[in-house]
>>> print(open('upload.cif').read())   # mmCIF, N, CA and C atoms
data_query
#
loop_
_atom_site.label_atom_id
_atom_site.label_comp_id
_atom_site.auth_asym_id
_atom_site.auth_seq_id
_atom_site.Cartn_x
_atom_site.Cartn_y
_atom_site.Cartn_z
N MET A 51 -7.30 10.17 -7.76
CA MET A 51 -6.22 9.21 -7.85
C MET A 51 -6.80 7.81 -7.95
N LYS A 52 -6.15 6.97 -8.75
CA LYS A 52 -6.57 5.57 -8.88
C LYS A 52 -5.82 4.74 -7.84
N ILE A 53 -6.58 4.05 -7.01
CA ILE A 53 -6.00 3.27 -5.94
C ILE A 53 -6.51 1.84 -6.00
N SER A 54 -5.59 0.88 -6.00
CA SER A 54 -5.93 -0.53 -5.94
C SER A 54 -5.77 -0.97 -4.48
N ILE A 55 -6.69 -1.78 -4.00
CA ILE A 55 -6.65 -2.20 -2.60
C ILE A 55 -7.00 -3.69 -2.50
N GLY A 56 -6.34 -4.36 -1.58
CA GLY A 56 -6.61 -5.78 -1.36
C GLY A 56 -6.30 -6.17 0.07
N CYS A 57 -6.92 -7.26 0.49
CA CYS A 57 -6.72 -7.73 1.87
C CYS A 57 -6.92 -9.23 1.95
N ASP A 58 -6.57 -9.78 3.10
CA ASP A 58 -6.91 -11.17 3.39
C ASP A 58 -8.16 -11.18 4.27
N HIS A 59 -8.57 -12.36 4.67
CA HIS A 59 -9.82 -12.53 5.43
C HIS A 59 -9.81 -11.79 6.77
N SER A 60 -8.65 -11.61 7.38
CA SER A 60 -8.58 -10.95 8.68
C SER A 60 -8.76 -9.44 8.60
N ALA A 61 -8.64 -8.90 7.41
CA ALA A 61 -8.64 -7.44 7.25
C ALA A 61 -9.84 -6.91 6.46
N LEU A 62 -10.84 -7.73 6.27
CA LEU A 62 -11.98 -7.35 5.44
C LEU A 62 -12.67 -6.08 5.96
N GLU A 63 -12.90 -6.00 7.25
CA GLU A 63 -13.60 -4.83 7.82
C GLU A 63 -12.78 -3.56 7.60
N LEU A 64 -11.49 -3.62 7.84
CA LEU A 64 -10.64 -2.44 7.66
C LEU A 64 -10.58 -2.05 6.18
N LYS A 65 -10.43 -3.03 5.30
CA LYS A 65 -10.40 -2.73 3.86
C LYS A 65 -11.67 -2.02 3.43
N ASN A 66 -12.81 -2.55 3.83
CA ASN A 66 -14.08 -1.96 3.41
C ASN A 66 -14.25 -0.54 3.95
N ALA A 67 -13.80 -0.30 5.17
CA ALA A 67 -13.88 1.05 5.75
C ALA A 67 -12.98 2.01 4.97
N ILE A 68 -11.81 1.56 4.59
CA ILE A 68 -10.88 2.41 3.83
C ILE A 68 -11.43 2.68 2.44
N ILE A 69 -12.02 1.68 1.81
CA ILE A 69 -12.62 1.88 0.49
C ILE A 69 -13.69 2.96 0.56
N ASP A 70 -14.59 2.85 1.52
CA ASP A 70 -15.65 3.86 1.68
C ASP A 70 -15.05 5.25 1.89
N TYR A 71 -14.01 5.31 2.71
CA TYR A 71 -13.35 6.57 3.00
C TYR A 71 -12.70 7.15 1.74
N LEU A 72 -11.98 6.32 0.99
CA LEU A 72 -11.33 6.78 -0.23
C LEU A 72 -12.34 7.29 -1.25
N LYS A 73 -13.43 6.57 -1.40
CA LYS A 73 -14.47 7.00 -2.35
C LYS A 73 -15.08 8.32 -1.91
N SER A 74 -15.26 8.52 -0.60
CA SER A 74 -15.83 9.77 -0.10
C SER A 74 -14.91 10.95 -0.38
N LYS A 75 -13.62 10.66 -0.59
CA LYS A 75 -12.63 11.70 -0.90
C LYS A 75 -12.46 11.87 -2.41
N GLY A 76 -13.23 11.12 -3.20
CA GLY A 76 -13.20 11.27 -4.65
C GLY A 76 -12.21 10.41 -5.40
N HIS A 77 -11.60 9.45 -4.72
CA HIS A 77 -10.65 8.57 -5.37
C HIS A 77 -11.36 7.44 -6.12
N GLU A 78 -10.74 6.97 -7.19
CA GLU A 78 -11.23 5.82 -7.94
C GLU A 78 -10.56 4.58 -7.33
N VAL A 79 -11.37 3.63 -6.87
CA VAL A 79 -10.85 2.48 -6.14
C VAL A 79 -11.13 1.18 -6.89
N THR A 80 -10.09 0.36 -7.03
CA THR A 80 -10.25 -1.00 -7.55
C THR A 80 -10.08 -1.94 -6.36
N ASP A 81 -11.13 -2.68 -6.07
CA ASP A 81 -11.11 -3.63 -4.94
C ASP A 81 -10.72 -5.00 -5.47
N ARG A 82 -9.52 -5.45 -5.09
CA ARG A 82 -9.01 -6.74 -5.54
C ARG A 82 -9.38 -7.89 -4.61
N GLY A 83 -10.17 -7.61 -3.60
CA GLY A 83 -10.60 -8.68 -2.70
C GLY A 83 -9.71 -8.77 -1.47
N THR A 84 -9.95 -9.71 -0.71
CA THR A 84 -10.95 -10.72 -0.69
C THR A 84 -12.30 -10.09 -0.33
N PHE A 85 -13.35 -10.84 -0.53
CA PHE A 85 -14.68 -10.31 -0.32
C PHE A 85 -15.46 -11.04 0.77
N THR A 86 -14.82 -12.02 1.39
CA THR A 86 -15.46 -12.78 2.47
C THR A 86 -14.45 -12.99 3.60
N LYS A 87 -14.94 -13.49 4.71
CA LYS A 87 -14.07 -13.80 5.85
C LYS A 87 -13.57 -15.25 5.81
N ASP A 88 -13.83 -15.93 4.69
CA ASP A 88 -13.32 -17.29 4.52
C ASP A 88 -11.80 -17.23 4.40
N SER A 89 -11.14 -18.17 5.04
CA SER A 89 -9.68 -18.20 5.01
C SER A 89 -9.16 -18.18 3.58
N CYS A 90 -8.13 -17.36 3.35
CA CYS A 90 -7.56 -17.23 2.01
C CYS A 90 -6.07 -16.93 2.14
N ASP A 91 -5.38 -16.92 1.03
CA ASP A 91 -3.95 -16.62 1.01
C ASP A 91 -3.75 -15.15 0.66
N TYR A 92 -3.17 -14.41 1.59
CA TYR A 92 -2.92 -12.98 1.38
C TYR A 92 -2.09 -12.73 0.12
N THR A 93 -1.24 -13.68 -0.22
CA THR A 93 -0.33 -13.50 -1.36
C THR A 93 -1.07 -13.19 -2.66
N ASP A 94 -2.21 -13.84 -2.86
CA ASP A 94 -2.96 -13.65 -4.10
C ASP A 94 -3.44 -12.21 -4.24
N TYR A 95 -3.92 -11.64 -3.16
CA TYR A 95 -4.51 -10.30 -3.18
C TYR A 95 -3.43 -9.22 -3.19
N GLY A 96 -2.37 -9.44 -2.44
CA GLY A 96 -1.26 -8.50 -2.45
C GLY A 96 -0.60 -8.42 -3.82
N TYR A 97 -0.46 -9.58 -4.46
CA TYR A 97 0.13 -9.61 -5.79
C TYR A 97 -0.72 -8.85 -6.80
N MET A 98 -2.05 -9.04 -6.75
CA MET A 98 -2.92 -8.34 -7.69
C MET A 98 -2.80 -6.82 -7.54
N VAL A 99 -2.74 -6.35 -6.32
CA VAL A 99 -2.60 -4.91 -6.08
C VAL A 99 -1.26 -4.42 -6.62
N ALA A 100 -0.18 -5.12 -6.29
CA ALA A 100 1.15 -4.71 -6.74
C ALA A 100 1.23 -4.73 -8.27
N LYS A 101 0.62 -5.73 -8.90
CA LYS A 101 0.62 -5.82 -10.36
C LYS A 101 -0.14 -4.64 -10.97
N ASP A 102 -1.21 -4.20 -10.32
CA ASP A 102 -1.93 -3.01 -10.80
C ASP A 102 -1.01 -1.79 -10.82
N ILE A 103 -0.16 -1.67 -9.81
CA ILE A 103 0.79 -0.56 -9.77
C ILE A 103 1.80 -0.71 -10.90
N LYS A 104 2.38 -1.89 -11.01
CA LYS A 104 3.39 -2.14 -12.05
C LYS A 104 2.83 -1.89 -13.44
N ASP A 105 1.60 -2.34 -13.68
CA ASP A 105 0.97 -2.21 -14.99
C ASP A 105 0.31 -0.85 -15.21
N LYS A 106 0.47 0.05 -14.24
CA LYS A 106 -0.06 1.42 -14.31
C LYS A 106 -1.59 1.46 -14.40
N LYS A 107 -2.23 0.44 -13.83
CA LYS A 107 -3.69 0.45 -13.71
C LYS A 107 -4.09 1.21 -12.45
N ALA A 108 -3.12 1.44 -11.56
CA ALA A 108 -3.35 2.19 -10.33
C ALA A 108 -2.16 3.10 -10.10
N ASP A 109 -2.43 4.27 -9.54
CA ASP A 109 -1.36 5.19 -9.16
C ASP A 109 -0.66 4.71 -7.89
N ARG A 110 -1.47 4.16 -6.99
CA ARG A 110 -0.95 3.65 -5.73
C ARG A 110 -1.77 2.43 -5.31
N GLY A 111 -1.23 1.70 -4.32
CA GLY A 111 -1.91 0.52 -3.81
C GLY A 111 -1.90 0.50 -2.30
N ILE A 112 -2.90 -0.17 -1.75
CA ILE A 112 -2.99 -0.39 -0.30
C ILE A 112 -3.26 -1.87 -0.10
N VAL A 113 -2.43 -2.51 0.73
CA VAL A 113 -2.58 -3.93 1.03
C VAL A 113 -2.69 -4.10 2.54
N ILE A 114 -3.58 -5.00 2.96
CA ILE A 114 -3.85 -5.15 4.39
C ILE A 114 -3.98 -6.63 4.74
N CYS A 115 -3.29 -7.04 5.77
CA CYS A 115 -3.47 -8.37 6.34
C CYS A 115 -3.39 -8.24 7.86
N TYR A 116 -3.35 -9.35 8.55
CA TYR A 116 -3.39 -9.33 10.02
C TYR A 116 -2.30 -8.43 10.60
N THR A 117 -1.04 -8.65 10.19
CA THR A 117 0.06 -7.82 10.69
C THR A 117 0.55 -6.81 9.66
N GLY A 118 0.25 -7.02 8.40
CA GLY A 118 0.76 -6.19 7.32
C GLY A 118 2.09 -6.69 6.78
N ILE A 119 2.73 -7.58 7.50
CA ILE A 119 4.06 -8.06 7.13
C ILE A 119 4.02 -8.87 5.83
N GLY A 120 3.16 -9.88 5.80
CA GLY A 120 3.09 -10.73 4.61
C GLY A 120 2.71 -9.95 3.37
N MET A 121 1.75 -9.04 3.50
CA MET A 121 1.33 -8.23 2.36
C MET A 121 2.46 -7.35 1.86
N SER A 122 3.22 -6.77 2.78
CA SER A 122 4.33 -5.92 2.33
C SER A 122 5.38 -6.77 1.62
N MET A 123 5.60 -7.98 2.09
CA MET A 123 6.59 -8.86 1.46
C MET A 123 6.19 -9.22 0.03
N ILE A 124 4.95 -9.63 -0.18
CA ILE A 124 4.53 -10.02 -1.53
C ILE A 124 4.51 -8.81 -2.46
N ALA A 125 4.04 -7.68 -1.97
CA ALA A 125 3.99 -6.49 -2.83
C ALA A 125 5.38 -6.09 -3.29
N ASN A 126 6.35 -6.19 -2.40
CA ASN A 126 7.72 -5.81 -2.74
C ASN A 126 8.43 -6.79 -3.67
N LYS A 127 7.81 -7.91 -3.96
CA LYS A 127 8.37 -8.85 -4.94
C LYS A 127 8.12 -8.40 -6.37
N VAL A 128 7.20 -7.46 -6.54
CA VAL A 128 6.84 -7.00 -7.89
C VAL A 128 7.71 -5.81 -8.26
N LYS A 129 8.37 -5.94 -9.39
CA LYS A 129 9.29 -4.91 -9.87
C LYS A 129 8.60 -3.55 -9.97
N GLY A 130 9.25 -2.54 -9.41
CA GLY A 130 8.71 -1.18 -9.48
C GLY A 130 7.84 -0.80 -8.31
N VAL A 131 7.55 -1.76 -7.44
CA VAL A 131 6.70 -1.47 -6.28
C VAL A 131 7.60 -1.24 -5.07
N ARG A 132 7.32 -0.15 -4.37
CA ARG A 132 7.99 0.17 -3.11
C ARG A 132 6.90 0.25 -2.05
N CYS A 133 6.73 -0.87 -1.37
CA CYS A 133 5.66 -1.00 -0.38
C CYS A 133 6.23 -0.81 1.03
N ALA A 134 5.56 0.02 1.82
CA ALA A 134 5.99 0.29 3.18
C ALA A 134 4.90 -0.13 4.16
N LEU A 135 5.30 -0.91 5.15
CA LEU A 135 4.41 -1.26 6.26
C LEU A 135 4.42 -0.09 7.23
N VAL A 136 3.27 0.53 7.43
CA VAL A 136 3.18 1.76 8.20
C VAL A 136 2.19 1.61 9.34
N GLY A 137 2.59 2.10 10.51
CA GLY A 137 1.71 2.06 11.68
C GLY A 137 1.51 3.40 12.34
N SER A 138 2.04 4.47 11.73
CA SER A 138 1.87 5.81 12.31
C SER A 138 1.81 6.85 11.21
N LYS A 139 1.26 8.02 11.54
CA LYS A 139 1.20 9.11 10.57
C LYS A 139 2.60 9.59 10.19
N ASP A 140 3.51 9.61 11.17
CA ASP A 140 4.87 10.04 10.92
C ASP A 140 5.56 9.11 9.91
N ALA A 141 5.39 7.81 10.08
CA ALA A 141 5.98 6.86 9.15
C ALA A 141 5.37 7.01 7.76
N ALA A 142 4.07 7.30 7.69
CA ALA A 142 3.41 7.52 6.40
C ALA A 142 4.02 8.72 5.69
N LEU A 143 4.26 9.78 6.42
CA LEU A 143 4.88 10.97 5.86
C LEU A 143 6.29 10.68 5.36
N LEU A 144 7.08 10.02 6.19
CA LEU A 144 8.48 9.76 5.84
C LEU A 144 8.63 8.80 4.67
N THR A 145 7.76 7.79 4.58
CA THR A 145 7.90 6.85 3.48
C THR A 145 7.53 7.47 2.14
N ARG A 146 6.71 8.49 2.17
CA ARG A 146 6.43 9.22 0.93
C ARG A 146 7.55 10.21 0.63
N GLU A 147 7.96 11.00 1.63
CA GLU A 147 8.99 12.01 1.41
C GLU A 147 10.33 11.40 1.03
N HIS A 148 10.73 10.34 1.72
CA HIS A 148 12.06 9.77 1.55
C HIS A 148 12.12 8.62 0.55
N ASN A 149 11.08 7.80 0.51
CA ASN A 149 11.13 6.56 -0.29
C ASN A 149 10.21 6.57 -1.50
N ASP A 150 9.38 7.60 -1.63
CA ASP A 150 8.41 7.67 -2.72
C ASP A 150 7.63 6.36 -2.84
N SER A 151 7.20 5.85 -1.68
CA SER A 151 6.46 4.58 -1.68
C SER A 151 5.20 4.71 -2.52
N ASN A 152 4.90 3.66 -3.25
CA ASN A 152 3.69 3.66 -4.07
C ASN A 152 2.69 2.60 -3.61
N CYS A 153 3.03 1.92 -2.54
CA CYS A 153 2.13 0.93 -1.95
C CYS A 153 2.23 1.03 -0.43
N LEU A 154 1.09 1.00 0.21
CA LEU A 154 0.99 1.11 1.66
C LEU A 154 0.48 -0.20 2.23
N ALA A 155 1.21 -0.76 3.18
CA ALA A 155 0.75 -1.97 3.88
C ALA A 155 0.28 -1.57 5.27
N LEU A 156 -0.87 -2.10 5.65
CA LEU A 156 -1.45 -1.82 6.97
C LEU A 156 -1.73 -3.12 7.70
N SER A 157 -1.75 -3.03 9.01
CA SER A 157 -2.07 -4.17 9.86
C SER A 157 -3.49 -4.04 10.39
N ALA A 158 -4.29 -5.07 10.17
CA ALA A 158 -5.65 -5.08 10.73
C ALA A 158 -5.62 -5.30 12.24
N LYS A 159 -4.58 -5.96 12.74
CA LYS A 159 -4.46 -6.23 14.17
C LYS A 159 -4.04 -4.99 14.95
N TYR A 160 -3.08 -4.25 14.44
CA TYR A 160 -2.48 -3.16 15.19
C TYR A 160 -2.96 -1.76 14.81
N THR A 161 -3.75 -1.65 13.75
CA THR A 161 -4.19 -0.34 13.27
C THR A 161 -5.71 -0.29 13.23
N GLY A 162 -6.30 0.50 14.09
CA GLY A 162 -7.75 0.68 14.08
C GLY A 162 -8.19 1.54 12.91
N ILE A 163 -9.48 1.54 12.66
CA ILE A 163 -10.02 2.28 11.52
C ILE A 163 -9.72 3.77 11.59
N PRO A 164 -9.91 4.45 12.73
CA PRO A 164 -9.61 5.89 12.75
C PRO A 164 -8.15 6.20 12.41
N LEU A 165 -7.21 5.47 13.01
CA LEU A 165 -5.80 5.71 12.71
C LEU A 165 -5.48 5.34 11.26
N ALA A 166 -6.05 4.26 10.76
CA ALA A 166 -5.81 3.87 9.37
C ALA A 166 -6.23 4.98 8.41
N LYS A 167 -7.36 5.61 8.66
CA LYS A 167 -7.80 6.72 7.80
C LYS A 167 -6.83 7.88 7.86
N GLU A 168 -6.31 8.19 9.05
CA GLU A 168 -5.33 9.27 9.19
C GLU A 168 -4.04 8.93 8.45
N ILE A 169 -3.59 7.68 8.58
CA ILE A 169 -2.38 7.23 7.88
C ILE A 169 -2.58 7.35 6.37
N VAL A 170 -3.72 6.87 5.88
CA VAL A 170 -4.01 6.94 4.44
C VAL A 170 -4.01 8.39 3.96
N ASP A 171 -4.64 9.29 4.73
CA ASP A 171 -4.66 10.71 4.35
C ASP A 171 -3.25 11.27 4.22
N VAL A 172 -2.43 11.04 5.22
CA VAL A 172 -1.05 11.56 5.18
C VAL A 172 -0.30 10.95 4.01
N TRP A 173 -0.42 9.65 3.84
CA TRP A 173 0.30 8.96 2.77
C TRP A 173 -0.12 9.45 1.39
N LEU A 174 -1.40 9.66 1.18
CA LEU A 174 -1.87 10.11 -0.13
C LEU A 174 -1.55 11.57 -0.40
N ASN A 175 -1.46 12.37 0.64
CA ASN A 175 -1.29 13.81 0.47
C ASN A 175 0.15 14.30 0.63
N THR A 176 1.08 13.39 0.82
CA THR A 176 2.48 13.77 0.96
C THR A 176 3.21 13.48 -0.35
N GLU A 177 3.95 14.46 -0.82
CA GLU A 177 4.72 14.31 -2.05
C GLU A 177 6.14 13.83 -1.73
N PHE A 178 6.75 13.21 -2.69
CA PHE A 178 8.16 12.84 -2.59
C PHE A 178 8.99 14.12 -2.55
N SER A 179 10.02 14.14 -1.72
CA SER A 179 10.80 15.37 -1.51
C SER A 179 11.73 15.71 -2.67
N PHE A 180 12.05 14.78 -3.53
CA PHE A 180 13.00 14.95 -4.63
C PHE A 180 14.37 15.42 -4.14
N ASN A 181 14.68 15.13 -2.91
CA ASN A 181 16.00 15.40 -2.35
C ASN A 181 17.00 14.50 -3.06
N GLU A 182 18.17 15.01 -3.35
CA GLU A 182 19.17 14.26 -4.13
C GLU A 182 19.50 12.92 -3.48
N ARG A 183 19.69 12.90 -2.17
CA ARG A 183 20.07 11.64 -1.53
C ARG A 183 18.93 10.63 -1.55
N HIS A 184 17.69 11.10 -1.42
CA HIS A 184 16.55 10.19 -1.48
C HIS A 184 16.40 9.62 -2.88
N GLN A 185 16.55 10.48 -3.90
CA GLN A 185 16.45 10.00 -5.28
C GLN A 185 17.57 9.01 -5.59
N ARG A 186 18.77 9.27 -5.09
CA ARG A 186 19.90 8.37 -5.31
C ARG A 186 19.58 6.98 -4.76
N ARG A 187 18.97 6.93 -3.60
CA ARG A 187 18.64 5.65 -2.97
C ARG A 187 17.54 4.92 -3.73
N ILE A 188 16.55 5.65 -4.20
CA ILE A 188 15.50 5.03 -5.00
C ILE A 188 16.08 4.50 -6.31
N ASP A 189 16.98 5.26 -6.90
CA ASP A 189 17.64 4.79 -8.12
C ASP A 189 18.41 3.50 -7.87
N LYS A 190 19.02 3.37 -6.71
CA LYS A 190 19.73 2.13 -6.36
C LYS A 190 18.76 0.97 -6.22
N ILE A 191 17.63 1.21 -5.60
CA ILE A 191 16.62 0.15 -5.47
C ILE A 191 16.21 -0.32 -6.87
N THR A 192 15.96 0.63 -7.75
CA THR A 192 15.56 0.30 -9.12
C THR A 192 16.66 -0.48 -9.83
N LYS A 193 17.90 -0.09 -9.63
CA LYS A 193 19.03 -0.79 -10.25
C LYS A 193 19.13 -2.21 -9.70
N TYR A 194 18.98 -2.37 -8.40
CA TYR A 194 19.07 -3.71 -7.79
C TYR A 194 17.98 -4.63 -8.33
N GLU A 195 16.81 -4.07 -8.62
CA GLU A 195 15.73 -4.88 -9.19
C GLU A 195 16.13 -5.48 -10.54
N GLU A 196 16.95 -4.78 -11.27
CA GLU A 196 17.38 -5.25 -12.59
C GLU A 196 18.25 -6.51 -12.50
N GLU A 197 18.82 -6.78 -11.35
CA GLU A 197 19.70 -7.93 -11.19
C GLU A 197 18.94 -9.24 -11.14
N PHE A 198 17.63 -9.18 -10.99
CA PHE A 198 16.86 -10.41 -10.81
C PHE A 198 15.91 -10.66 -11.95
#
>>> encode(input="upload.cif", output="structure tokens")
Amino acid sequence: MKISIGCDHSALELKNAIIDYLKSKGHEVTDRGTFTKDSCDYTDYGYMVAKDIKDKKADRGIVICYTGIGMSMIANKVKGVRCALVGSKDAALLTREHNDSNCLALSAKYTGIPLAKEIVDVWLNTEFSFNERHQRRIDKITKYEEEF
């Protein structure tokens, strides 16, 4: 699977650990940065990842900042991206089954490396349920995007 990943300065260690983990599992990873601990704007990196999803350069994206909140907000501004801020394996499962999320936001503050790897595994290995009510809701999200 092609995965685009990006982070801000607070999440560099977690991003690098996830990249190594994804590569060890055979995934193709595009690292959108940041590459240093120098202060930066999370918006730039989250946008690049979300744009990779929109432009079909990546199958999925992972964005990481201090809380994950800002990254999820910027990613969700890009048409066609459904980014979920996830802090548990259960939430990772549900956001794939119910929401067909294509972008995962993680918190460097609240999610340690071992849990982050477990969340990523569940998120990548869970399929969308194709349940009628879930599809109806995703279709509504897509329709609402057309209004802007």
>>> resolve_selection(input="upload.cif", expression="the PyMOL selection byres (((chain A and resi 154 and name CA) around 7) and name CA)", output="PyMOL selection string")
chain A and resi 111-113+133-136+152-153+155-156
>>> residues_around(input="upload.cif", residues="Cys90 in chain A", least_positions_apart="2", cutoff="10 Å", atoms="only C-alpha atoms", output="list of chain:residue names")
A:Cys57, A:Asp58, A:His59, A:Ser60, A:Thr84, A:Thr86, A:Lys87, A:Asp88, A:Tyr92, A:Thr93, A:Asp94, A:Tyr95
>>> resolve_selection(input="upload.cif", expression="the PyMOL selection byres ((chain A and resi 137-150) around 8)", output="MDAnalysis selection string")
chainID A and resid 131:136 151:153 155:157 160:161 165:166 168:181 183:185 187:188
>>> write_last_selection(input="upload.cif", atoms="N, CA and C atoms", output="compact mmCIF listing (two decimals), in the frame of the given file")
# COMPACT_ATOMS: atom_id res chain seq x y z
N VAL A 131 7.55 -1.76 -7.44
CA VAL A 131 6.70 -1.47 -6.28
C VAL A 131 7.60 -1.24 -5.07
N ARG A 132 7.32 -0.15 -4.37
CA ARG A 132 7.99 0.17 -3.11
C ARG A 132 6.90 0.25 -2.05
N CYS A 133 6.73 -0.87 -1.37
CA CYS A 133 5.66 -1.00 -0.38
C CYS A 133 6.23 -0.81 1.03
N ALA A 134 5.56 0.02 1.82
CA ALA A 134 5.99 0.29 3.18
C ALA A 134 4.90 -0.13 4.16
N LEU A 135 5.30 -0.91 5.15
CA LEU A 135 4.41 -1.26 6.26
C LEU A 135 4.42 -0.09 7.23
N VAL A 136 3.27 0.53 7.43
CA VAL A 136 3.18 1.76 8.20
C VAL A 136 2.19 1.61 9.34
N SER A 151 7.20 5.85 -1.68
CA SER A 151 6.46 4.58 -1.68
C SER A 151 5.20 4.71 -2.52
N ASN A 152 4.90 3.66 -3.25
CA ASN A 152 3.69 3.66 -4.07
C ASN A 152 2.69 2.60 -3.61
N CYS A 153 3.03 1.92 -2.54
CA CYS A 153 2.13 0.93 -1.95
C CYS A 153 2.23 1.03 -0.43
N ALA A 155 1.21 -0.76 3.18
CA ALA A 155 0.75 -1.97 3.88
C ALA A 155 0.28 -1.57 5.27
N LEU A 156 -0.87 -2.10 5.65
CA LEU A 156 -1.45 -1.82 6.97
C LEU A 156 -1.73 -3.12 7.70
N SER A 157 -1.75 -3.03 9.01
CA SER A 157 -2.07 -4.17 9.86
C SER A 157 -3.49 -4.04 10.39
N TYR A 160 -3.08 -4.25 14.44
CA TYR A 160 -2.48 -3.16 15.19
C TYR A 160 -2.96 -1.76 14.81
N THR A 161 -3.75 -1.65 13.75
CA THR A 161 -4.19 -0.34 13.27
C THR A 161 -5.71 -0.29 13.23
N LEU A 165 -7.21 5.47 13.01
CA LEU A 165 -5.80 5.71 12.71
C LEU A 165 -5.48 5.34 11.26
N ALA A 166 -6.05 4.26 10.76
CA ALA A 166 -5.81 3.87 9.37
C ALA A 166 -6.23 4.98 8.41
N GLU A 168 -6.31 8.19 9.05
CA GLU A 168 -5.33 9.27 9.19
C GLU A 168 -4.04 8.93 8.45
N ILE A 169 -3.59 7.68 8.58
CA ILE A 169 -2.38 7.23 7.88
C ILE A 169 -2.58 7.35 6.37
N VAL A 170 -3.72 6.87 5.88
CA VAL A 170 -4.01 6.94 4.44
C VAL A 170 -4.01 8.39 3.96
N ASP A 171 -4.64 9.29 4.73
CA ASP A 171 -4.66 10.71 4.35
C ASP A 171 -3.25 11.27 4.22
N VAL A 172 -2.43 11.04 5.22
CA VAL A 172 -1.05 11.56 5.18
C VAL A 172 -0.30 10.95 4.01
N TRP A 173 -0.42 9.65 3.84
CA TRP A 173 0.30 8.96 2.77
C TRP A 173 -0.12 9.45 1.39
N LEU A 174 -1.40 9.66 1.18
CA LEU A 174 -1.87 10.11 -0.13
C LEU A 174 -1.55 11.57 -0.40
N ASN A 175 -1.46 12.37 0.64
CA ASN A 175 -1.29 13.81 0.47
C ASN A 175 0.15 14.30 0.63
N THR A 176 1.08 13.39 0.82
CA THR A 176 2.48 13.77 0.96
C THR A 176 3.21 13.48 -0.35
N GLU A 177 3.95 14.46 -0.82
CA GLU A 177 4.72 14.31 -2.05
C GLU A 177 6.14 13.83 -1.73
N PHE A 178 6.75 13.21 -2.69
CA PHE A 178 8.16 12.84 -2.59
C PHE A 178 8.99 14.12 -2.55
N SER A 179 10.02 14.14 -1.72
CA SER A 179 10.80 15.37 -1.51
C SER A 179 11.73 15.71 -2.67
N PHE A 180 12.05 14.78 -3.53
CA PHE A 180 13.00 14.95 -4.63
C PHE A 180 14.37 15.42 -4.14
N ASN A 181 14.68 15.13 -2.91
CA ASN A 181 16.00 15.40 -2.35
C ASN A 181 17.00 14.50 -3.06
N ARG A 183 19.69 12.90 -2.17
CA ARG A 183 20.07 11.64 -1.53
C ARG A 183 18.93 10.63 -1.55
N HIS A 184 17.69 11.10 -1.42
CA HIS A 184 16.55 10.19 -1.48
C HIS A 184 16.40 9.62 -2.88
N GLN A 185 16.55 10.48 -3.90
CA GLN A 185 16.45 10.00 -5.28
C GLN A 185 17.57 9.01 -5.59
N ARG A 187 18.97 6.93 -3.60
CA ARG A 187 18.64 5.65 -2.97
C ARG A 187 17.54 4.92 -3.73
N ILE A 188 16.55 5.65 -4.20
CA ILE A 188 15.50 5.03 -5.00
C ILE A 188 16.08 4.50 -6.31
>>> residues_around(input="upload.cif", residues="Leu64 in chain A", least_positions_apart="2", cutoff="8 Å", atoms="all atoms listed in the file", output="PyMOL selection string")
chain A and resi 60-62+66-70+114+157-158+161-163
>>> closest_residue(input="upload.cif", among="A:Lys193, A:Lys159, A:Arg186, A:Arg110", to="Thr80 in chain A", atoms="only C-alpha atoms")
A:Arg110
>>> select_by_dssp(input="upload.cif", residues="chain A", states="helix (DSSP H, G or I)", output="PyMOL selection string")
chain A and resi 59-74+92-104+119-125+139-147+163-175+182-195
